[in-house]
>>> print(open('coords35.cif').read())   # mmCIF, C-alpha atoms
data_target
#
loop_
_atom_site.label_atom_id
_atom_site.label_comp_id
_atom_site.auth_asym_id
_atom_site.auth_seq_id
_atom_site.Cartn_x
_atom_site.Cartn_y
_atom_site.Cartn_z
CA MET U 1 -15.61 28.19 -12.62
CA ASP U 2 -14.44 24.92 -14.16
CA LYS U 3 -15.50 23.15 -10.99
CA GLN U 4 -18.81 24.99 -11.01
CA ASN U 5 -19.53 24.03 -14.61
CA SER U 6 -18.49 20.42 -14.10
CA GLU U 7 -20.88 20.07 -11.17
CA ALA U 8 -23.79 21.41 -13.20
CA LYS U 9 -22.86 19.59 -16.41
CA GLY U 10 -25.03 16.61 -17.10
CA GLN U 11 -27.80 17.72 -14.76
CA SER U 12 -31.00 17.88 -16.77
CA ALA U 13 -33.59 20.60 -16.18
CA GLY U 14 -35.86 19.44 -13.41
CA SER U 15 -33.22 17.31 -11.71
CA ASP U 16 -33.12 17.46 -7.93
CA GLU U 17 -29.64 15.93 -7.85
CA THR U 18 -27.82 19.23 -7.83
CA GLY U 19 -25.13 18.39 -5.33
CA PHE U 20 -26.31 21.33 -3.24
CA ASN U 21 -25.91 20.70 0.46
CA SER U 22 -29.54 19.96 1.29
CA ILE U 23 -28.80 19.01 4.90
CA GLN U 24 -29.37 22.64 5.91
CA LEU U 25 -32.58 23.04 3.88
CA PRO U 26 -35.82 23.07 5.88
CA ALA U 27 -38.34 20.34 5.14
CA GLY U 28 -40.39 21.02 2.04
CA ILE U 29 -37.67 22.86 0.08
CA ARG U 30 -36.00 21.16 -2.85
CA SER U 31 -33.03 22.09 -5.03
CA ARG U 32 -32.84 21.67 -8.81
CA TYR U 33 -31.62 23.19 -12.08
CA VAL U 34 -33.83 24.89 -14.66
CA ASN U 35 -32.84 26.19 -18.11
CA ASN U 36 -34.23 29.74 -18.11
CA ASN U 37 -34.02 30.13 -21.92
CA ASN U 38 -31.85 33.23 -21.49
CA ASP U 39 -28.48 31.44 -21.59
CA LEU U 40 -28.54 30.31 -17.96
CA GLN U 41 -28.84 26.98 -16.23
CA MET U 42 -30.35 28.38 -13.06
CA HIS U 43 -30.05 26.76 -9.68
CA ILE U 44 -33.33 27.24 -7.86
CA LEU U 45 -34.83 26.36 -4.52
CA GLU U 46 -38.58 25.84 -4.45
CA ALA U 47 -41.30 25.15 -1.92
CA GLY U 48 -44.98 24.34 -2.39
CA TYR U 49 -44.02 22.48 -5.57
CA GLU U 50 -46.45 19.60 -4.95
CA GLY U 51 -49.38 21.81 -5.94
CA LYS U 52 -47.41 24.03 -8.30
CA GLY U 53 -50.00 24.29 -11.05
CA SER U 54 -52.82 25.19 -8.69
CA ARG U 55 -50.85 27.60 -6.48
CA PRO U 56 -50.05 31.26 -7.18
CA CYS U 57 -46.32 31.82 -7.58
CA VAL U 58 -44.00 34.09 -5.60
CA LEU U 59 -40.49 34.85 -6.91
CA LEU U 60 -37.70 35.73 -4.44
CA LEU U 61 -34.57 37.55 -5.68
CA HIS U 62 -31.51 37.64 -3.40
CA GLY U 63 -28.83 40.30 -3.04
CA PHE U 64 -25.04 40.45 -2.54
CA PRO U 65 -23.20 38.50 -1.23
CA GLU U 66 -26.00 35.98 -1.12
CA ILE U 67 -27.50 33.00 -2.94
CA ALA U 68 -30.92 31.38 -3.22
CA TYR U 69 -30.26 29.77 0.18
CA SER U 70 -30.74 33.19 1.80
CA TRP U 71 -34.52 32.71 1.53
CA ARG U 72 -34.62 29.32 3.29
CA LYS U 73 -36.42 30.62 6.40
CA ILE U 74 -39.01 32.63 4.47
CA MET U 75 -39.92 29.98 1.91
CA PRO U 76 -41.73 27.51 4.22
CA LEU U 77 -43.90 30.32 5.62
CA LEU U 78 -44.96 31.41 2.13
CA SER U 79 -45.59 27.81 1.15
CA GLU U 80 -47.80 27.31 4.20
CA ALA U 81 -49.73 30.40 3.11
CA GLY U 82 -50.58 28.62 -0.15
CA TYR U 83 -47.92 29.80 -2.57
CA TYR U 84 -45.52 28.06 -4.94
CA VAL U 85 -42.25 29.73 -3.91
CA VAL U 86 -39.19 30.02 -6.16
CA ALA U 87 -35.78 31.40 -5.16
CA PRO U 88 -33.13 31.33 -7.92
CA ALA U 89 -29.41 31.92 -7.64
CA GLN U 90 -29.22 34.94 -9.91
CA ARG U 91 -26.78 35.52 -12.79
CA GLY U 92 -23.26 35.48 -11.40
CA TYR U 93 -24.12 33.62 -8.21
CA GLY U 94 -24.07 30.16 -6.69
CA ARG U 95 -24.61 27.11 -8.88
CA THR U 96 -26.28 29.01 -11.70
CA THR U 97 -24.09 28.66 -14.80
CA GLY U 98 -23.84 30.29 -18.21
CA TRP U 99 -22.28 33.61 -17.15
CA ASP U 100 -18.77 34.96 -17.76
CA PRO U 101 -16.67 35.06 -14.55
CA ASP U 102 -13.86 37.17 -16.08
CA TYR U 103 -13.27 40.73 -14.88
CA ASP U 104 -12.38 41.66 -18.46
CA GLY U 105 -15.33 39.77 -19.94
CA ASP U 106 -18.54 41.11 -21.44
CA ILE U 107 -20.57 42.77 -18.68
CA GLY U 108 -23.51 43.39 -21.02
CA PRO U 109 -25.43 40.34 -19.77
CA PHE U 110 -25.21 41.72 -16.22
CA ARG U 111 -27.09 44.90 -17.12
CA LEU U 112 -30.27 45.40 -15.15
CA LEU U 113 -32.66 44.85 -18.04
CA ASN U 114 -31.08 41.50 -18.89
CA VAL U 115 -31.06 40.36 -15.27
CA ALA U 116 -34.77 41.25 -15.16
CA ARG U 117 -35.15 39.20 -18.34
CA ASP U 118 -33.55 36.27 -16.47
CA ALA U 119 -36.37 36.49 -13.93
CA LEU U 120 -39.06 36.77 -16.61
CA ALA U 121 -37.61 33.87 -18.56
CA LEU U 122 -37.49 31.71 -15.43
CA VAL U 123 -41.15 32.40 -14.66
CA PHE U 124 -42.12 31.35 -18.18
CA ALA U 125 -39.83 28.29 -18.05
CA LEU U 126 -41.66 27.16 -14.92
CA GLY U 127 -44.98 27.32 -16.75
CA TYR U 128 -46.38 30.50 -15.19
CA LYS U 129 -47.78 33.44 -17.15
CA SER U 130 -47.67 35.67 -14.06
CA VAL U 131 -46.58 35.72 -10.44
CA SER U 132 -48.48 37.14 -7.51
CA ALA U 133 -45.38 38.94 -6.27
CA VAL U 134 -41.71 39.44 -6.99
CA ILE U 135 -39.75 40.19 -3.83
CA GLY U 136 -36.21 41.54 -3.95
CA HIS U 137 -33.61 42.02 -1.24
CA ASP U 138 -30.56 44.29 -1.56
CA PHE U 139 -29.32 44.08 -5.19
CA GLY U 140 -32.34 41.89 -5.90
CA SER U 141 -34.51 44.89 -5.05
CA PRO U 142 -33.84 46.96 -8.21
CA VAL U 143 -34.27 43.80 -10.30
CA ALA U 144 -37.68 43.23 -8.75
CA ALA U 145 -38.59 46.88 -9.31
CA VAL U 146 -37.61 46.78 -12.99
CA CYS U 147 -39.49 43.50 -13.44
CA SER U 148 -42.66 45.16 -12.18
CA LEU U 149 -42.11 48.24 -14.36
CA ILE U 150 -41.41 46.54 -17.67
CA ARG U 151 -43.85 43.62 -17.30
CA PRO U 152 -46.63 44.57 -14.88
CA ASP U 153 -48.79 41.95 -16.58
CA VAL U 154 -46.41 39.24 -15.30
CA PHE U 155 -45.18 40.68 -12.01
CA ARG U 156 -48.46 41.76 -10.41
CA SER U 157 -47.04 43.13 -7.17
CA VAL U 158 -43.60 43.93 -5.81
CA ALA U 159 -41.88 44.18 -2.43
CA LEU U 160 -38.47 45.77 -1.99
CA MET U 161 -36.26 44.97 1.00
CA SER U 162 -33.22 46.97 2.21
CA ALA U 163 -32.76 48.94 -1.02
CA PRO U 164 -35.30 51.60 -2.05
CA TYR U 165 -35.80 52.12 -5.77
CA ALA U 166 -35.00 55.54 -7.24
CA GLY U 167 -36.41 54.88 -10.70
CA MET U 168 -34.87 54.01 -14.06
CA PRO U 169 -31.42 55.51 -14.77
CA GLN U 170 -31.66 59.03 -16.15
CA TYR U 171 -30.07 59.74 -19.51
CA PRO U 172 -28.13 63.04 -19.73
CA PHE U 173 -30.54 65.88 -20.52
CA ASP U 174 -30.10 69.37 -22.00
CA THR U 175 -26.37 68.91 -22.55
CA ALA U 176 -25.81 70.49 -25.99
CA ASP U 177 -25.37 74.07 -24.81
CA LYS U 178 -23.31 73.00 -21.81
CA GLU U 179 -20.92 71.15 -24.12
CA MET U 180 -20.65 74.31 -26.21
CA ASP U 181 -19.96 76.40 -23.11
CA GLN U 182 -17.18 74.03 -22.11
CA ALA U 183 -15.68 74.11 -25.62
CA GLN U 184 -15.69 77.92 -25.56
CA ALA U 185 -14.16 78.01 -22.08
CA PRO U 186 -11.92 74.93 -21.87
CA ASN U 187 -10.22 76.15 -18.71
CA LYS U 188 -13.50 76.36 -16.84
CA GLU U 189 -13.29 74.20 -13.74
CA LEU U 190 -15.46 71.06 -13.86
CA PRO U 191 -17.57 70.02 -10.84
CA VAL U 192 -15.82 67.84 -8.28
CA THR U 193 -17.07 64.25 -8.39
CA MET U 194 -18.15 62.42 -5.23
CA ASP U 195 -15.15 60.07 -5.59
CA GLU U 196 -12.83 63.08 -5.63
CA ALA U 197 -14.60 64.71 -2.71
CA LEU U 198 -14.38 61.54 -0.59
CA ALA U 199 -10.70 61.09 -1.42
CA SER U 200 -10.03 64.72 -0.41
CA LEU U 201 -11.45 64.39 3.11
CA PRO U 202 -9.01 64.80 6.06
CA LYS U 203 -9.35 61.04 6.43
CA PRO U 204 -9.52 59.96 2.75
CA ARG U 205 -12.42 57.66 1.95
CA LYS U 206 -14.02 55.87 -1.02
CA HIS U 207 -17.49 54.53 -1.80
CA TYR U 208 -17.81 50.75 -1.52
CA GLN U 209 -19.39 50.49 -4.98
CA HIS U 210 -16.36 52.27 -6.46
CA TYR U 211 -14.17 49.66 -4.76
CA TYR U 212 -16.38 46.84 -6.02
CA SER U 213 -15.72 47.95 -9.61
CA THR U 214 -11.94 47.50 -9.24
CA ARG U 215 -9.93 44.55 -10.49
CA GLU U 216 -8.61 43.62 -7.05
CA ALA U 217 -11.94 43.45 -5.21
CA ASN U 218 -12.73 39.81 -5.99
CA ASN U 219 -9.32 38.49 -4.99
CA ASP U 220 -9.25 40.66 -1.86
CA MET U 221 -12.43 39.05 -0.55
CA LEU U 222 -12.04 35.53 -1.94
CA ASN U 223 -8.51 35.20 -0.56
CA ALA U 224 -8.98 37.29 2.57
CA PRO U 225 -6.07 37.00 5.04
CA GLN U 226 -8.52 35.97 7.78
CA GLY U 227 -9.97 33.23 5.57
CA LEU U 228 -13.19 33.25 3.56
CA HIS U 229 -15.30 31.93 6.44
CA ASN U 230 -14.21 34.65 8.87
CA PHE U 231 -14.47 37.33 6.18
CA MET U 232 -18.09 36.45 5.44
CA ARG U 233 -18.93 36.13 9.14
CA ALA U 234 -17.55 39.61 9.84
CA TYR U 235 -19.11 41.12 6.71
CA LEU U 236 -22.61 39.85 7.52
CA HIS U 237 -22.27 40.56 11.26
CA GLY U 238 -21.26 44.16 10.59
CA LYS U 239 -24.39 44.79 8.53
CA SER U 240 -26.71 43.17 11.06
CA GLY U 241 -28.50 44.41 14.12
CA ASP U 242 -26.10 42.31 16.21
CA TRP U 243 -23.30 44.83 15.61
CA LYS U 244 -23.94 47.30 18.40
CA GLN U 245 -22.40 50.25 16.54
CA ASN U 246 -25.10 50.04 13.86
CA LYS U 247 -27.16 53.11 14.68
CA PRO U 248 -29.03 54.27 11.56
CA PHE U 249 -29.72 57.98 11.09
CA ALA U 250 -31.06 60.17 8.31
CA LEU U 251 -28.50 61.83 6.04
CA LYS U 252 -29.11 65.58 5.81
CA GLU U 253 -27.45 65.88 2.41
CA ALA U 254 -25.53 63.91 -0.19
CA SER U 255 -22.13 65.42 0.63
CA ALA U 256 -18.80 63.70 1.17
CA GLU U 257 -18.71 64.97 4.74
CA MET U 258 -22.12 63.50 5.52
CA LEU U 259 -21.40 60.20 3.74
CA SER U 260 -18.18 59.84 5.75
CA LYS U 261 -20.35 59.31 8.85
CA LEU U 262 -21.54 55.97 7.44
CA PRO U 263 -19.88 52.72 8.57
CA THR U 264 -16.69 51.86 6.72
CA TYR U 265 -18.29 48.88 4.98
CA TYR U 266 -20.13 51.55 2.92
CA ILE U 267 -17.70 54.48 2.88
CA MET U 268 -14.36 52.73 3.12
CA ASP U 269 -10.95 54.06 4.09
CA LEU U 270 -9.23 54.94 0.84
CA ASP U 271 -6.24 52.63 1.40
CA LYS U 272 -8.17 49.52 2.56
CA GLY U 273 -9.91 46.66 0.81
CA MET U 274 -13.13 45.06 2.05
CA ALA U 275 -11.39 42.14 3.79
CA GLU U 276 -9.30 44.48 5.91
CA THR U 277 -12.23 46.84 6.44
CA THR U 278 -14.64 44.22 7.76
CA ALA U 279 -12.07 42.48 9.98
CA GLU U 280 -12.93 45.04 12.69
CA TYR U 281 -16.53 43.80 12.68
CA MET U 282 -15.59 40.22 13.53
CA PRO U 283 -17.86 39.02 16.36
CA THR U 284 -16.61 37.21 19.43
CA GLN U 285 -17.14 33.48 19.77
CA ALA U 286 -19.86 34.17 22.33
CA GLU U 287 -21.65 36.40 19.80
CA ILE U 288 -21.33 33.72 17.12
CA ASP U 289 -22.73 31.07 19.45
CA ALA U 290 -25.66 33.34 20.28
CA CYS U 291 -26.42 34.22 16.66
CA GLN U 292 -29.85 32.76 15.87
CA TRP U 293 -30.12 33.94 12.26
CA LEU U 294 -26.86 32.45 10.93
CA SER U 295 -25.19 29.45 12.52
CA ASP U 296 -21.66 28.46 11.47
CA GLU U 297 -23.17 25.43 9.71
CA GLU U 298 -25.43 27.73 7.68
CA LEU U 299 -22.61 30.15 6.98
CA LYS U 300 -20.57 27.25 5.61
CA VAL U 301 -23.12 26.88 2.79
CA TYR U 302 -22.35 30.44 1.64
CA VAL U 303 -18.61 29.92 2.05
CA ASP U 304 -18.62 26.69 0.05
CA GLU U 305 -20.59 28.31 -2.80
CA TYR U 306 -18.40 31.42 -3.00
CA ALA U 307 -15.26 29.31 -2.79
CA ILE U 308 -16.38 27.78 -6.11
CA THR U 309 -17.61 30.88 -7.95
CA GLY U 310 -15.78 33.77 -6.34
CA PHE U 311 -17.43 37.18 -6.06
CA GLN U 312 -16.83 38.51 -9.57
CA GLY U 313 -20.24 37.52 -10.91
CA GLY U 314 -21.96 39.60 -8.26
CA LEU U 315 -19.46 42.43 -8.67
CA ASN U 316 -20.14 42.58 -12.41
CA TRP U 317 -23.59 43.98 -11.58
#
>>> encode(input="coords35.cif", output="structure tokens")
Amino acid sequence: MDKQNSEAKGQSAGSDETGFNSIQLPAGIRSRYVNNNNDLQMHILEAGYEGKGSRPCVLLLHGFPEIAYSWRKIMPLLSEAGYYVVAPAQRGYGRTTGWDPDYDGDIGPFRLLNVARDALALVFALGYKSVSAVIGHDFGSPVAAVCSLIRPDVFRSVALMSAPYAGMPQYPFDTADKEMDQAQAPNKELPVTMDEALASLPKPRKHYQHYYSTREANNDMLNAPQGLHNFMRAYLHGKSGDWKQNKPFALKEASAEMLSKLPTYYIMDLDKGMAETTAEYMPTQAEIDACQWLSDEELKVYVDEYAITGFQGGLNW
């Protein structure tokens, strides 16, 4: 993080001298820093900025393990359609600074409502009172959904990619009598949790989000035995349509047995980390050469950014 902060230090809001590798950016996209007035110096990519004041705005929110650069192929198309397009590196990611990278640090700022506030504050900092759409992918999807729920006057429409939204978290309901029942019958067996059920399978498993909450997850991925470049190549390949074993199907129920049918990048072997898990998804050189959506040069942008920040910021979500 020291390197990350030193690179951003001294860059005034509105500067396009971010040090971001702009060689891979399509024409018409620029990189700069903006103070979002919610404790972040946000790294953003933007397109259609020449007519910013007269163009409706579209906000793009990336997922994990991604950065603003993930939107590079979408941004020119939206700009050509007449929009001012903004893609920030969200809290915990890329060259955005002002967040705590420590596993034992305060995770309060990473709560969903505050991350949504980051988006709202950025929109206002850019001089817009509303945006035509907020579009979220993966972990950016629930952020976009919450943005549209809490400030529909600002976020006038929403699109969610890859991650459906199940609604705001539910607070425990009608628990008083159940607590009394448990106190009166302390030996009553408690329901088995999903973590326990997965770990009890004939082939013990664990949910990837459970793994992501552990202390070792960041180091496992950042210092993967196969190297960070190959780890990210295998991770992204395994989740893509290029991996031939990806054959989506509807889950009949939310049971451990049914979840165990998912690929191991979601329901992992109990004794493996993500680096070891995704090594089996590593594409051949021929597959890498044929990959049209992520060249090695483009992948290097992700690798260089995560080599600076690590994964902990994203994991803190």
>>> atom_distance(input="coords35.cif", atom1="atom CA of U:Met258", atom2="atom CA of U:Gln245")
17.2 Å
>>> resolve_selection(input="coords35.cif", expression="the PyMOL selection byres ((chain U and resi 267-281) around 7)", output="ChimeraX atom specification")
/U:199,204-208,220-221,224,231,234-235,237-238,259-260,262-266,282-283
>>> resolve_selection(input="coords35.cif", expression="the PyMOL selection byres ((chain U and resi 27) around 12)", output="list in words")
Ser22, Ile23, Gln24, Leu25, Pro26, Gly28, Ile29, Arg30, Ser31, Leu45, Glu46, Ala47, Gly48, Arg72, Lys73, Met75, Pro76, Leu77, Ser79 and Glu80 of chain U
>>> atom_distance(input="coords35.cif", atom1="atom CA of U:Trp317", atom2="atom CA of U:Leu112")
7.7 Å
>>> residues_around(input="coords35.cif", residues="U:Lys300", least_positions_apart="2", cutoff="10 Å", atoms="only C-alpha atoms", output="list of chain:residue names")
U:Asn21, U:Gln24, U:Leu228, U:His229, U:Met232, U:Arg233, U:Leu294, U:Ser295, U:Asp296, U:Glu297, U:Glu298, U:Tyr302, U:Val303, U:Asp304, U:Glu305, U:Tyr306
>>> resolve_selection(input="coords35.cif", expression="the PyMOL selection byres ((chain U and resi 193-195) around 8)", output="list in words")
Pro191, Val192, Glu196, Ala197, Leu198, Ala199, Lys206, His207, His210, Ser255 and Ala256 of chain U
>>> atom_distance(input="coords35.cif", atom1="atom CA of U:Cys147", atom2="atom CA of U:Arg117")
7.8 Å
>>> closest_atom_pairs(input="coords35.cif", of="stretch 75-135 of chain U", to="stretch 62-71 of chain U", cutoff="7 Å", atoms="only C-alpha atoms", output="CSV")
residue,atom,partner,partner_atom,distance
U:Met75,CA,U:Trp71,CA,6.1
U:Ala87,CA,U:Ala68,CA,5.2
U:Pro88,CA,U:Ala68,CA,5.2
U:Ala89,CA,U:Ala68,CA,4.7
U:Tyr93,CA,U:Ile67,CA,6.3
U:Gly94,CA,U:Ile67,CA,5.8
>>> closest_residue(input="coords35.cif", among="U:Asn35, U:Arg111, U:Asp153, U:Ile74", to="U:Trp293", atoms="only C-alpha atoms")
U:Ile74
>>> residues_around(input="coords35.cif", residues="U:Arg156", least_positions_apart="2", cutoff="10 Å", atoms="all atoms listed in the file", output="list in words")
Ser130, Val131, Ser132, Ala133, Val134, Cys147, Ser148, Leu149, Arg151, Pro152, Asp153, Val154 and Val158 of chain U
>>> closest_residue(input="coords35.cif", among="U:Val123, U:Met168, U:Val58, U:Arg91", to="U:Pro142", atoms="only C-alpha atoms")
U:Met168
>>> residues_around(input="coords35.cif", residues="U:Tyr83", least_positions_apart="4", cutoff="6 Å", atoms="only C-alpha atoms", output="VMD selection string")
chain U and resid 55 to 57 78 to 79
>>> closest_residue(input="coords35.cif", among="U:Ala163, U:Ala290, U:Leu60, U:Leu113", to="U:Val146", atoms="all atoms listed in the file")
U:Leu113
>>> closest_residue(input="coords35.cif", among="U:Gly241, U:Gly105, U:Gly314, U:Gly127", to="U:Glu287", atoms="all atoms listed in the file")
U:Gly241
>>> residues_around(input="coords35.cif", residues="stretch 213-216 of chain U", least_positions_apart="2", cutoff="8 Å", atoms="only C-alpha atoms", output="NGL selection string")
:U and (103 or 209-211 or 218-220 or 315-316)
>>> write_last_selection(input="coords35.cif", atoms="C-alpha atoms", output="PDB file, keeping the file's coordinate frame")
ATOM      1  CA  TYR U 103     -13.270  40.730 -14.880  1.00  0.00           C
ATOM      2  CA  GLN U 209     -19.390  50.490  -4.980  1.00  0.00           C
ATOM      3  CA  HIS U 210     -16.360  52.270  -6.460  1.00  0.00           C
ATOM      4  CA  TYR U 211     -14.170  49.660  -4.760  1.00  0.00           C
ATOM      5  CA  ASN U 218     -12.730  39.810  -5.990  1.00  0.00           C
ATOM      6  CA  ASN U 219      -9.320  38.490  -4.990  1.00  0.00           C
ATOM      7  CA  ASP U 220      -9.250  40.660  -1.860  1.00  0.00           C
ATOM      8  CA  LEU U 315     -19.460  42.430  -8.670  1.00  0.00           C
ATOM      9  CA  ASN U 316     -20.140  42.580 -12.410  1.00  0.00           C
TER      10      ASN U 316
END
